[in-house]
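Novice: My file is protein25.csv. It has CSV, C-alpha atoms:
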chain,number,residue,atom,x,y,z
A,193,MET,CA,-32.8,-7.8,71.7
A,194,MET,CA,-34.2,-9.4,68.6
A,195,LEU,CA,-35.5,-7.0,66.0
A,196,MET,CA,-38.7,-7.9,64.3
A,197,LYS,CA,-39.4,-7.5,60.6
A,198,ASN,CA,-39.2,-3.9,59.4
A,199,GLN,CA,-37.4,-2.9,62.6
A,200,PHE,CA,-33.9,-2.8,61.2
A,201,PRO,CA,-32.4,0.6,62.1
A,202,LYS,CA,-32.6,3.0,59.2
A,203,SER,CA,-29.1,4.3,59.7
A,204,LEU,CA,-27.6,0.8,59.4
A,205,LEU,CA,-29.7,0.1,56.3
A,206,ALA,CA,-28.5,3.4,54.7
A,207,ALA,CA,-24.9,2.6,55.4
A,208,ALA,CA,-25.2,-0.9,53.9
A,209,CYS,CA,-26.8,0.5,50.8
A,210,ALA,CA,-24.0,3.0,50.5
A,211,ILE,CA,-21.4,0.3,50.7
A,212,VAL,CA,-23.1,-1.8,48.0
A,213,ALA,CA,-23.5,1.2,45.7
A,214,PHE,CA,-19.8,2.2,46.2
A,215,THR,CA,-18.7,-1.4,45.4
A,216,VAL,CA,-20.8,-1.6,42.2
A,217,ALA,CA,-19.5,1.8,41.0
A,218,SER,CA,-15.9,0.7,41.7
A,219,CYS,CA,-16.3,-2.5,39.8
A,220,ALA,CA,-17.9,-0.6,36.8
A,221,GLU,CA,-15.0,1.8,36.8
A,222,ASP,CA,-12.4,-1.0,36.9
A,223,ALA,CA,-14.2,-2.6,33.9
A,224,LYS,CA,-13.8,0.4,31.7
A,225,PRO,CA,-11.1,0.1,29.1
A,226,GLU,CA,-8.0,2.1,30.0
A,227,ALA,CA,-7.6,5.2,27.9
A,228,LYS,CA,-4.5,5.1,25.7
A,229,ALA,CA,-2.1,7.9,26.1
A,230,THR,CA,-1.6,10.1,23.0
A,231,GLU,CA,0.7,12.8,21.9
A,232,PRO,CA,1.2,15.0,18.8
A,233,LEU,CA,2.8,13.2,15.9
A,234,LYS,CA,6.5,14.0,15.7
A,235,LEU,CA,7.9,14.3,12.2
A,236,SER,CA,11.4,14.9,11.0
A,237,LEU,CA,10.9,17.9,8.7
A,238,PRO,CA,13.2,18.7,5.8
A,239,ASN,CA,14.3,22.3,5.1
A,240,ALA,CA,12.1,24.6,3.0
A,241,THR,CA,12.9,25.0,-0.7
A,242,LEU,CA,15.0,28.0,-1.7
A,243,LYS,CA,13.3,28.4,-5.1
A,244,GLY,CA,10.9,31.0,-3.8
A,245,THR,CA,7.1,31.4,-4.3
A,246,PRO,CA,5.7,31.8,-7.8
A,247,GLU,CA,3.6,34.8,-8.5
A,248,ASP,CA,0.8,32.9,-10.3
A,249,LEU,CA,-0.3,30.5,-7.6
A,250,PRO,CA,-3.4,28.4,-8.3
A,251,VAL,CA,-6.5,29.5,-6.4
A,252,GLY,CA,-9.9,28.0,-5.9
A,253,PRO,CA,-12.4,26.9,-3.3
A,254,ASN,CA,-10.9,23.4,-3.3
A,255,ILE,CA,-7.3,24.6,-2.6
A,256,GLU,CA,-6.0,25.4,0.8
A,257,PRO,CA,-4.3,28.8,1.2
A,258,LEU,CA,-0.5,28.6,1.2
A,259,SER,CA,1.0,28.9,4.7
A,260,ASP,CA,4.5,29.1,6.0
A,261,LYS,CA,3.4,27.5,9.3
A,262,PRO,CA,2.6,23.8,10.0
A,263,GLY,CA,-1.0,23.0,10.8
A,264,ALA,CA,-2.1,21.4,14.1
A,265,MET,CA,-0.4,18.0,14.4
A,266,LEU,CA,-2.4,14.8,14.5
A,267,GLN,CA,-2.7,13.1,17.9
A,268,VAL,CA,-1.4,9.6,17.9
A,269,PRO,CA,-0.8,6.9,20.5
A,270,LYS,CA,2.5,7.2,22.3
A,271,GLY,CA,5.1,4.8,21.0
A,272,VAL,CA,4.1,4.9,17.3
A,273,GLN,CA,6.9,4.0,14.9
A,274,ASN,CA,7.5,4.7,11.2
A,275,VAL,CA,7.0,1.1,10.1
A,276,ALA,CA,7.5,2.1,6.4
A,277,ALA,CA,11.2,2.9,6.9
A,278,GLY,CA,13.4,0.8,4.6
A,279,LYS,CA,10.4,-1.3,3.4
A,280,THR,CA,9.9,-2.4,-0.2
A,281,VAL,CA,8.2,0.0,-2.7
A,282,THR,CA,6.5,-0.9,-5.9
A,283,SER,CA,4.6,1.4,-8.4
A,284,SER,CA,2.2,1.4,-11.3
A,285,VAL,CA,5.0,2.4,-13.7
A,286,LYS,CA,8.8,2.4,-13.5
A,287,PRO,CA,10.3,5.8,-12.6
A,288,PHE,CA,12.4,7.5,-15.2
A,289,THR,CA,14.3,9.5,-12.5
A,290,GLY,CA,15.4,8.0,-9.2
A,291,GLU,CA,14.7,4.7,-7.5
A,292,LEU,CA,11.6,3.6,-5.7
A,293,SER,CA,13.7,2.6,-2.6
A,294,GLN,CA,14.2,6.4,-2.1
A,295,LEU,CA,10.6,6.7,-0.9
A,296,THR,CA,11.3,5.0,2.4
A,297,ASP,CA,15.0,6.0,2.9
A,298,GLY,CA,14.2,8.9,5.2
A,299,LYS,CA,15.7,11.5,2.8
A,300,LYS,CA,13.2,14.2,1.7
A,301,GLU,CA,15.1,17.4,1.2
A,302,ALA,CA,14.2,19.7,-1.7
A,303,PHE,CA,17.0,18.3,-3.9
A,304,ASP,CA,16.8,16.7,-7.4
A,305,TYR,CA,18.5,13.6,-6.2
A,306,ASP,CA,15.9,13.0,-3.4
A,307,SER,CA,13.0,13.0,-5.9
A,308,VAL,CA,11.5,10.2,-7.9
A,309,GLU,CA,9.7,11.0,-11.1
A,310,MET,CA,7.4,9.0,-13.3
A,311,LYS,CA,5.2,9.5,-16.3
A,312,LYS,CA,1.9,11.4,-16.4
A,313,GLY,CA,-1.5,10.0,-15.7
A,314,SER,CA,-3.0,8.7,-12.5
A,315,GLN,CA,-0.1,6.7,-11.0
A,316,TRP,CA,0.5,5.0,-7.7
A,317,VAL,CA,3.3,3.9,-5.4
A,318,GLN,CA,2.9,1.2,-2.8
A,319,VAL,CA,4.7,0.2,0.4
A,320,ASP,CA,4.7,-3.3,1.8
A,321,LEU,CA,5.0,-3.0,5.5
A,322,GLY,CA,5.8,-6.7,5.8
A,323,GLU,CA,2.9,-7.4,8.1
A,324,ALA,CA,-0.3,-5.9,9.3
A,325,PHE,CA,-0.1,-2.9,11.6
A,326,ALA,CA,-2.6,-0.5,13.3
A,327,ILE,CA,-1.9,2.6,11.2
A,328,HIS,CA,-2.4,5.9,12.9
A,329,ALA,CA,-0.9,8.4,10.4
A,330,ILE,CA,0.6,8.4,7.0
A,331,ALA,CA,2.9,11.3,6.1
A,332,LEU,CA,3.6,12.3,2.4
A,333,TRP,CA,6.1,14.4,0.6
A,334,HIS,CA,5.6,14.5,-3.1
A,335,ASP,CA,7.8,17.3,-4.5
A,336,HIS,CA,8.5,20.3,-2.3
A,337,ARG,CA,11.3,21.5,-4.5
A,338,TYR,CA,8.7,23.8,-6.0
A,339,ILE,CA,5.6,25.5,-4.5
A,340,GLN,CA,2.9,23.6,-6.4
A,341,VAL,CA,-0.3,21.7,-6.0
A,342,MET,CA,-0.4,18.0,-6.6
A,343,HIS,CA,-3.6,16.7,-8.2
A,344,ASP,CA,-5.7,13.7,-7.3
A,345,VAL,CA,-3.8,12.8,-4.1
A,346,LEU,CA,-5.2,9.6,-2.6
A,347,VAL,CA,-4.0,7.5,0.3
A,348,GLN,CA,-5.4,3.9,0.6
A,349,VAL,CA,-4.5,0.9,2.8
A,350,SER,CA,-5.4,-2.8,2.5
A,351,ASP,CA,-4.3,-6.3,3.3
A,352,ASP,CA,-4.7,-7.1,-0.4
A,353,PRO,CA,-1.5,-6.3,-2.4
A,354,GLU,CA,-3.6,-5.8,-5.5
A,355,PHE,CA,-6.1,-3.4,-3.7
A,356,LYS,CA,-9.1,-5.3,-5.0
A,357,THR,CA,-10.6,-6.1,-1.7
A,358,GLY,CA,-10.6,-4.6,1.8
A,359,VAL,CA,-9.5,-1.2,0.7
A,360,THR,CA,-9.8,1.8,3.1
A,361,THR,CA,-9.4,5.3,1.7
A,362,LEU,CA,-7.7,7.6,4.3
A,363,PHE,CA,-7.3,10.7,2.1
A,364,ASN,CA,-8.8,11.8,-1.3
A,365,ASN,CA,-8.8,15.2,-2.9
A,366,ASP,CA,-10.0,14.1,-6.3
A,367,THR,CA,-13.2,16.0,-6.3
A,368,ASP,CA,-14.3,15.2,-9.8
A,369,ASN,CA,-13.3,11.5,-9.8
A,370,SER,CA,-10.9,12.0,-12.7
A,371,SER,CA,-8.8,9.1,-11.3
A,372,GLY,CA,-11.8,6.8,-11.2
A,373,LEU,CA,-11.4,5.9,-7.5
A,374,GLY,CA,-14.3,7.9,-6.1
A,375,VAL,CA,-15.1,11.5,-5.4
A,376,GLY,CA,-13.0,12.9,-2.5
A,377,ALA,CA,-14.0,15.4,0.1
A,378,ASP,CA,-10.5,16.6,1.0
A,379,ARG,CA,-8.9,19.8,-0.4
A,380,GLU,CA,-5.9,20.2,-2.6
A,381,TYR,CA,-2.8,21.7,-0.9
A,382,PHE,CA,0.5,23.3,-1.7
A,383,GLU,CA,3.6,21.2,-1.5
A,384,THR,CA,5.9,22.5,1.3
A,385,GLN,CA,8.5,21.1,3.7
A,386,PHE,CA,5.6,20.2,6.1
A,387,GLY,CA,4.3,17.5,3.8
A,388,ARG,CA,0.8,16.2,4.3
A,389,VAL,CA,-0.5,13.8,7.1
A,390,ALA,CA,-3.4,11.5,6.6
A,391,ASP,CA,-5.2,10.2,9.6
A,392,GLY,CA,-4.9,6.4,9.7
A,393,LYS,CA,-7.6,6.1,12.4
A,394,GLY,CA,-5.9,2.9,13.7
A,395,THR,CA,-6.9,1.0,10.5
A,396,LYS,CA,-5.2,-2.4,10.4
A,397,ALA,CA,-3.4,-3.1,7.1
A,398,ARG,CA,-0.2,-4.3,5.5
A,399,TYR,CA,0.0,-2.3,2.3
A,400,VAL,CA,-0.1,1.5,1.8
A,401,ARG,CA,-0.8,3.0,-1.6
A,402,GLY,CA,-0.6,6.6,-2.7
A,403,TYR,CA,-1.9,8.1,-5.9
A,404,THR,CA,-1.1,11.4,-7.8
A,405,LYS,CA,-2.0,12.8,-11.2
A,406,GLY,CA,0.4,15.5,-12.0
A,407,SER,CA,0.6,18.9,-10.5
A,408,SER,CA,-0.2,22.6,-11.2
A,409,LEU,CA,3.4,22.8,-12.7
A,410,SER,CA,3.7,19.6,-14.5
A,411,ALA,CA,1.8,16.6,-15.9
A,412,LEU,CA,4.5,14.3,-14.5
A,413,ASN,CA,4.2,12.6,-11.1
A,414,CYS,CA,6.8,12.9,-8.4
A,415,TRP,CA,7.5,11.5,-4.9
A,416,GLN,CA,10.1,12.1,-2.2
A,417,GLU,CA,9.0,10.2,0.9
A,418,LEU,CA,6.1,8.1,2.4
A,419,GLU,CA,6.0,7.4,6.1
A,420,ALA,CA,3.5,5.2,8.0
A,421,TYR,CA,3.3,5.6,11.8
A,422,ALA,CA,1.8,2.6,13.5
A,423,THR,CA,1.6,0.3,16.4
A,424,PRO,CA,1.5,-3.5,16.4
A,425,ALA,CA,-1.8,-5.0,15.2
A,426,LYS,CA,-3.7,-6.9,18.0
Let me see the structure of the file written as structure tokens.
Specialist:
Amino acid sequence: MMLMKNQFPKSLLAAACAIVAFTVASCAEDAKPEAKATEPLKLSLPNATLKGTPEDLPVGPNIEPLSDKPGAMLQVPKGVQNVAAGKTVTSSVKPFTGELSQLTDGKKEAFDYDSVEMKKGSQWVQVDLGEAFAIHAIALWHDHRYIQVMHDVLVQVSDDPEFKTGVTTLFNNDTDNSSGLGVGADREYFETQFGRVADGKGTKARYVRGYTKGSSLSALNCWQELEAYATPAK
């Protein structure tokens, strides 16, 4: 029997609409970008210093309390690698103790021979990753031989080796702009075996630069290790 206009069974019409809706929803779901799997950043931590905790620790609203436990670890994409390992390091001034290559050699124990010292003032070290990467985390160890607070800690990345253009600041605890690179919102922290991790936020860059301006114990600057965890830039 031929059905006249507006005589199509409602049940069949509803079923057809349901099929169309399901197909559209499925296509939209398939079009969504696949979520990347993440995991907590895994660091190879050095041993704690044996020098003990000083009695007159610095205090203040801009200093994190000293803790003997690591904080919550940053979530990063699975498969990140330390692309700074073995890479070339340069600096604003020549160290008077140690070699710059030690900053990417994987050795960061609380020993004098694992530390690189340079003169006072706001100084930087820079790692050339060799090519651009999507940087998800940068881990720093300045000098955990002693329980101290490093001043004006900044971490920046760029594709410009002179850091004149395209500079992204990932960490900055210089709250009074004494290093002249802008006022930071991060807090100062005590140097321990846990180091400090800056969130790279997937920023694409080839060069990593870290600044310091002395510490609560000394006007000199010191570094032990810099690691950059990244994935290939796409």
Novice: With 10 Å as the cut-off and all atoms listed in the file counted, what is the closest atom pair between each nearby residue of segment 224-294 of chain A and segment 322-334 of chain A? Distances in Å to one decimal, ordered by chain and number, as JSON lines.
Specialist:
{"residue": "A:Leu233", "atom": "CA", "partner": "A:Ala329", "partner_atom": "CA", "distance": 8.2}
{"residue": "A:Leu235", "atom": "CA", "partner": "A:Ala331", "partner_atom": "CA", "distance": 8.4}
{"residue": "A:Pro238", "atom": "CA", "partner": "A:Trp333", "partner_atom": "CA", "distance": 9.8}
{"residue": "A:Leu266", "atom": "CA", "partner": "A:Ala329", "partner_atom": "CA", "distance": 7.7}
{"residue": "A:Gln267", "atom": "CA", "partner": "A:His328", "partner_atom": "CA", "distance": 8.8}
{"residue": "A:Val268", "atom": "CA", "partner": "A:His328", "partner_atom": "CA", "distance": 6.3}
{"residue": "A:Pro269", "atom": "CA", "partner": "A:His328", "partner_atom": "CA", "distance": 7.8}
{"residue": "A:Val272", "atom": "CA", "partner": "A:His328", "partner_atom": "CA", "distance": 7.9}
{"residue": "A:Gln273", "atom": "CA", "partner": "A:Ile327", "partner_atom": "CA", "distance": 9.6}
{"residue": "A:Asn274", "atom": "CA", "partner": "A:Ile330", "partner_atom": "CA", "distance": 8.9}
{"residue": "A:Val275", "atom": "CA", "partner": "A:Phe325", "partner_atom": "CA", "distance": 8.3}
{"residue": "A:Ala276", "atom": "CA", "partner": "A:Gly322", "partner_atom": "CA", "distance": 9.0}
{"residue": "A:Lys279", "atom": "CA", "partner": "A:Gly322", "partner_atom": "CA", "distance": 7.5}
{"residue": "A:Thr280", "atom": "CA", "partner": "A:Gly322", "partner_atom": "CA", "distance": 8.4}
Novice: Which distance in Å separates atom CA of Gly244 of chain A and atom CA of Ser293 of chain A, to one decimal?
Specialist: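 Separation between atom CA of Gly244 of chain A and atom CA of Ser293 of chain A: 28.6 Å.
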Novice: Report the distance between atom CA of Gly406 of chain A and atom CA of Gln340 of chain A in Å, rounded to one decimal place.
Specialist: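 Interatomic distance here is 10.2 Å.
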Novice: May I have the residues within 9 Å of Phe288 of chain A as a list in words, using all atoms listed in the file and disregarding those fewer than 4 positions away in the same chain?
Specialist: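 Once the nearby chain positions are removed, what remains is Val308, Glu309, Met310 and Lys311 of chain A.
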Novice: Give me the residues within 10 Å of Leu292 of chain A as a CSV table (one decimal) with C-alpha atoms, in the frame of the given file, counting only C-alpha atoms and dropping any in the same chain fewer than 3 places off.
Specialist:
chain,number,residue,atom,x,y,z
A,280,THR,CA,9.9,-2.4,-0.2
A,281,VAL,CA,8.2,0.0,-2.7
A,282,THR,CA,6.5,-0.9,-5.9
A,283,SER,CA,4.6,1.4,-8.4
A,286,LYS,CA,8.8,2.4,-13.5
A,287,PRO,CA,10.3,5.8,-12.6
A,289,THR,CA,14.3,9.5,-12.5
A,295,LEU,CA,10.6,6.7,-0.9
A,296,THR,CA,11.3,5.0,2.4
A,297,ASP,CA,15.0,6.0,2.9
A,307,SER,CA,13.0,13.0,-5.9
A,308,VAL,CA,11.5,10.2,-7.9
A,309,GLU,CA,9.7,11.0,-11.1
A,317,VAL,CA,3.3,3.9,-5.4
A,318,GLN,CA,2.9,1.2,-2.8
A,319,VAL,CA,4.7,0.2,0.4
A,415,TRP,CA,7.5,11.5,-4.9
A,416,GLN,CA,10.1,12.1,-2.2
A,417,GLU,CA,9.0,10.2,0.9
Novice: Which residues are close to Leu362 of chain A, i.e. within 9 Å by only C-alpha atoms, leaving aside same-chain residues fewer than 4 positions away? Reply as a PyMOL selection string.
Specialist: chain A and resi 330+346-349+390-393
Novice: For Gln385 of chain A, which residue among A:Gly278, A:Ser314, A:Pro232, A:Tyr338 is the nearest when counting all atoms listed in the file?
Specialist: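 Among the listed residues, the smallest separation from Gln385 of chain A belongs to A:Tyr338.
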Novice: Extract, using all atoms listed in the file, all DNA, RNA and protein residues at most 8 Å from Thr367 of chain A, discarding same-chain residues fewer than 6 positions from it, and format them as a ChimeraX atom specification.
Specialist: /A:344,375-378
Novice: As an exercise, work out the distance from atom CA of Ala277 of chain A to atom CA of Ala420 of chain A in Å and give it to one decimal place.
Specialist: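 Atom CA of Ala277 of chain A sits 8.1 Å away from atom CA of Ala420 of chain A.
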